[in-house]
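Asks: Quick one: the structure is below, questions incoming.
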Amino acid sequence: MEDQWPAQLENCRVACPAGELDLATTLDFATLLRGTALAAGADWLIVDLSRVTFMDCSPLRDLCTAWIRSRATGRWTRVVYDQAPIGRLLRLTSLQERFPRYASIDDAWHEHDTGAAA
């Protein structure tokens, strides 16, 4: 997994992993998401999966942990993706309502979701 250290968007952090998210990269992904918790505004989180080429169930635990951490402080975690396999994975694991599909970071920031996972 390649990653781009989270950028700051107003008072929200943006994590942009790239490549494969699977059992071999889950520790790196977890570290990337936890790293977002170190800065002010870290409870607002956008995870941009648009550069992810493959994803299995392994990173879902870390996404859910980030979501729970955000919710505990009255904030949110939103996920950007357009890949049908990621949408199917979220639907099959009953996480499509927790992580609706956002087409871009800007759409996620402004809560313009494109509906349930594909």
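Letters for chains follow the order of the structure tokens (A, B, ...), residue numbers begin at 1 for each chain, and ligand numbers begin at 1 in the order shown.
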Based on DSSP run over this structure's backbone, return all residues of chain A in alpha helix (DSSP H), as a ChimeraX atom specification.
Replies: /A:26-35,60-72,84-92,105-109
Asks: For the selection you just gave me, I'd like the residues written to a file as a compact mmCIF listing (two decimals), in the first residue's frame, keeping N, CA, C and O atoms.
Replies:
# COMPACT_ATOMS: atom_id res chain seq x y z
N THR A 26 -2.78 -4.11 6.13
CA THR A 26 -3.73 -3.60 7.12
C THR A 26 -3.05 -2.83 8.25
O THR A 26 -3.59 -1.84 8.74
N LEU A 27 -1.85 -3.22 8.65
CA LEU A 27 -1.15 -2.48 9.70
C LEU A 27 -0.80 -1.07 9.22
O LEU A 27 -0.98 -0.10 9.97
N ASP A 28 -0.33 -0.95 7.98
CA ASP A 28 -0.03 0.38 7.42
C ASP A 28 -1.29 1.23 7.33
O ASP A 28 -1.26 2.43 7.62
N PHE A 29 -2.39 0.62 6.93
CA PHE A 29 -3.65 1.35 6.83
C PHE A 29 -4.12 1.81 8.20
O PHE A 29 -4.53 2.96 8.38
N ALA A 30 -4.04 0.93 9.18
CA ALA A 30 -4.43 1.30 10.55
C ALA A 30 -3.57 2.45 11.07
O ALA A 30 -4.08 3.38 11.69
N THR A 31 -2.27 2.39 10.79
CA THR A 31 -1.36 3.46 11.20
C THR A 31 -1.72 4.76 10.52
O THR A 31 -1.71 5.83 11.14
N LEU A 32 -2.06 4.70 9.24
CA LEU A 32 -2.47 5.89 8.50
C LEU A 32 -3.71 6.51 9.13
O LEU A 32 -3.76 7.71 9.38
N LEU A 33 -4.71 5.69 9.45
CA LEU A 33 -5.93 6.22 10.06
C LEU A 33 -5.69 6.72 11.48
O LEU A 33 -6.21 7.76 11.86
N ARG A 34 -4.92 5.99 12.25
CA ARG A 34 -4.61 6.45 13.61
C ARG A 34 -3.79 7.72 13.59
O ARG A 34 -3.93 8.58 14.46
N GLY A 35 -2.95 7.87 12.58
CA GLY A 35 -2.14 9.08 12.45
C GLY A 35 -3.00 10.31 12.30
O GLY A 35 -2.62 11.41 12.69
N LEU A 60 -11.58 -3.20 6.95
CA LEU A 60 -12.89 -2.77 7.43
C LEU A 60 -12.90 -2.53 8.94
O LEU A 60 -13.56 -1.61 9.41
N ARG A 61 -12.17 -3.32 9.68
CA ARG A 61 -12.11 -3.13 11.13
C ARG A 61 -11.55 -1.75 11.46
O ARG A 61 -12.07 -1.03 12.33
N ASP A 62 -10.50 -1.35 10.75
CA ASP A 62 -9.89 -0.05 11.02
C ASP A 62 -10.78 1.10 10.58
O ASP A 62 -10.84 2.14 11.24
N LEU A 63 -11.50 0.92 9.48
CA LEU A 63 -12.48 1.94 9.07
C LEU A 63 -13.57 2.09 10.13
O LEU A 63 -13.95 3.20 10.47
N CYS A 64 -14.06 0.97 10.63
CA CYS A 64 -15.11 1.01 11.66
C CYS A 64 -14.58 1.63 12.95
O CYS A 64 -15.30 2.39 13.61
N THR A 65 -13.34 1.33 13.31
CA THR A 65 -12.75 1.94 14.50
C THR A 65 -12.67 3.45 14.35
O THR A 65 -13.00 4.20 15.28
N ALA A 66 -12.26 3.92 13.18
CA ALA A 66 -12.20 5.37 12.93
C ALA A 66 -13.60 5.97 13.00
O ALA A 66 -13.79 7.05 13.57
N TRP A 67 -14.59 5.28 12.45
CA TRP A 67 -15.97 5.75 12.48
C TRP A 67 -16.48 5.86 13.92
O TRP A 67 -17.08 6.86 14.31
N ILE A 68 -16.20 4.85 14.73
CA ILE A 68 -16.63 4.84 16.14
C ILE A 68 -15.95 5.97 16.91
O ILE A 68 -16.59 6.67 17.69
N ARG A 69 -14.66 6.16 16.67
CA ARG A 69 -13.92 7.25 17.34
C ARG A 69 -14.52 8.60 16.98
O ARG A 69 -14.70 9.46 17.84
N SER A 70 -14.85 8.79 15.71
CA SER A 70 -15.45 10.05 15.27
C SER A 70 -16.82 10.26 15.91
O SER A 70 -17.13 11.34 16.41
N ARG A 71 -17.64 9.24 15.87
CA ARG A 71 -19.00 9.35 16.42
C ARG A 71 -19.00 9.64 17.91
O ARG A 71 -19.86 10.36 18.40
N ALA A 72 -18.01 9.12 18.62
CA ALA A 72 -17.93 9.33 20.06
C ALA A 72 -17.73 10.80 20.41
O ALA A 72 -18.06 11.22 21.51
N ALA A 84 -16.71 -0.52 -7.97
CA ALA A 84 -17.83 -1.43 -7.68
C ALA A 84 -17.45 -2.53 -6.69
O ALA A 84 -18.25 -2.86 -5.81
N PRO A 85 -16.23 -3.11 -6.76
CA PRO A 85 -15.89 -4.15 -5.77
C PRO A 85 -15.90 -3.63 -4.33
O PRO A 85 -16.31 -4.35 -3.41
N ILE A 86 -15.48 -2.39 -4.11
CA ILE A 86 -15.52 -1.84 -2.76
C ILE A 86 -16.97 -1.65 -2.33
O ILE A 86 -17.35 -1.96 -1.20
N GLY A 87 -17.82 -1.17 -3.23
CA GLY A 87 -19.24 -1.04 -2.93
C GLY A 87 -19.87 -2.38 -2.58
O GLY A 87 -20.65 -2.47 -1.62
N ARG A 88 -19.53 -3.43 -3.34
CA ARG A 88 -20.06 -4.76 -3.03
C ARG A 88 -19.58 -5.25 -1.68
O ARG A 88 -20.35 -5.83 -0.90
N LEU A 89 -18.31 -5.02 -1.37
CA LEU A 89 -17.75 -5.44 -0.09
C LEU A 89 -18.50 -4.76 1.06
O LEU A 89 -18.88 -5.42 2.04
N LEU A 90 -18.75 -3.49 0.95
CA LEU A 90 -19.49 -2.78 1.99
C LEU A 90 -20.93 -3.27 2.10
O LEU A 90 -21.48 -3.41 3.19
N ARG A 91 -21.55 -3.55 0.96
CA ARG A 91 -22.93 -4.05 0.97
C ARG A 91 -22.99 -5.45 1.60
O ARG A 91 -23.84 -5.74 2.44
N LEU A 92 -22.05 -6.33 1.23
CA LEU A 92 -22.05 -7.71 1.74
C LEU A 92 -21.73 -7.78 3.22
O LEU A 92 -22.08 -8.76 3.89
N ILE A 105 -13.60 14.05 -2.56
CA ILE A 105 -13.34 14.60 -1.24
C ILE A 105 -14.27 15.78 -0.98
O ILE A 105 -14.84 15.92 0.11
N ASP A 106 -14.46 16.60 -1.99
CA ASP A 106 -15.35 17.76 -1.85
C ASP A 106 -16.79 17.31 -1.56
O ASP A 106 -17.46 17.88 -0.70
N ASP A 107 -17.27 16.27 -2.26
CA ASP A 107 -18.62 15.74 -1.99
C ASP A 107 -18.72 15.20 -0.56
O ASP A 107 -19.73 15.42 0.12
N ALA A 108 -17.68 14.51 -0.10
CA ALA A 108 -17.69 13.98 1.26
C ALA A 108 -17.70 15.12 2.27
O ALA A 108 -18.45 15.08 3.26
N TRP A 109 -16.91 16.15 2.03
CA TRP A 109 -16.86 17.29 2.95
C TRP A 109 -18.22 17.97 3.06
O TRP A 109 -18.65 18.35 4.13
Asks: Report as a ChimeraX atom specification: the residues of range 15-114 of chain A with a DSSP assignment of strand (DSSP E), based on the backbone of this structure.
Replies: /A:15-21,45-48,51-55,77-80,101-102
Asks: For C-alpha atoms, I'd like the residues from the last selection saved as a PDB file, in the first residue's frame.
Replies:
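Listed below is the output, part00.pdb:
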ATOM      1  CA  ALA A  15      -6.323   9.938   4.375  1.00  0.00           C
ATOM      2  CA  CYS A  16      -5.485   8.794   0.820  1.00  0.00           C
ATOM      3  CA  PRO A  17      -4.165   5.226   0.668  1.00  0.00           C
ATOM      4  CA  ALA A  18      -3.217   3.810  -2.733  1.00  0.00           C
ATOM      5  CA  GLY A  19      -2.604   0.339  -4.109  1.00  0.00           C
ATOM      6  CA  GLU A  20      -3.871  -2.775  -2.352  1.00  0.00           C
ATOM      7  CA  LEU A  21      -5.613  -2.850   1.022  1.00  0.00           C
ATOM      8  CA  LEU A  45     -12.070  12.218   8.744  1.00  0.00           C
ATOM      9  CA  ILE A  46     -12.378  11.570   5.022  1.00  0.00           C
ATOM     10  CA  VAL A  47     -10.835   8.347   3.717  1.00  0.00           C
ATOM     11  CA  ASP A  48     -10.269   8.645  -0.039  1.00  0.00           C
ATOM     12  CA  ARG A  51      -6.546   5.177  -5.688  1.00  0.00           C
ATOM     13  CA  VAL A  52      -7.091   1.741  -4.108  1.00  0.00           C
ATOM     14  CA  THR A  53      -6.760  -1.027  -6.710  1.00  0.00           C
ATOM     15  CA  PHE A  54      -7.861  -3.939  -4.501  1.00  0.00           C
ATOM     16  CA  MET A  55      -9.502  -4.208  -1.090  1.00  0.00           C
ATOM     17  CA  THR A  77     -15.842   9.537   9.081  1.00  0.00           C
ATOM     18  CA  ARG A  78     -16.738   9.485   5.376  1.00  0.00           C
ATOM     19  CA  VAL A  79     -15.373   7.326   2.583  1.00  0.00           C
ATOM     20  CA  VAL A  80     -14.721   8.310  -1.038  1.00  0.00           C
ATOM     21  CA  ARG A 101     -20.490   6.380  -1.394  1.00  0.00           C
ATOM     22  CA  TYR A 102     -18.979   9.811  -2.005  1.00  0.00           C
TER      23      TYR A 102
END
Asks: Counting only C-alpha atoms, figure out which residue out of A:Tyr81, A:Asp56, A:Trp76, A:Glu97 gets nearest to Arg13 in chain A.
Replies: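 Closest candidate: A:Trp76.
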Asks: Mind giving me the straight-line distance from CA of Ser94 in chain A to CA of Leu49 in chain A in Å, one decimal?
Replies: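 Result for CA of Ser94 in chain A versus CA of Leu49 in chain A: 18.3 Å, one decimal.
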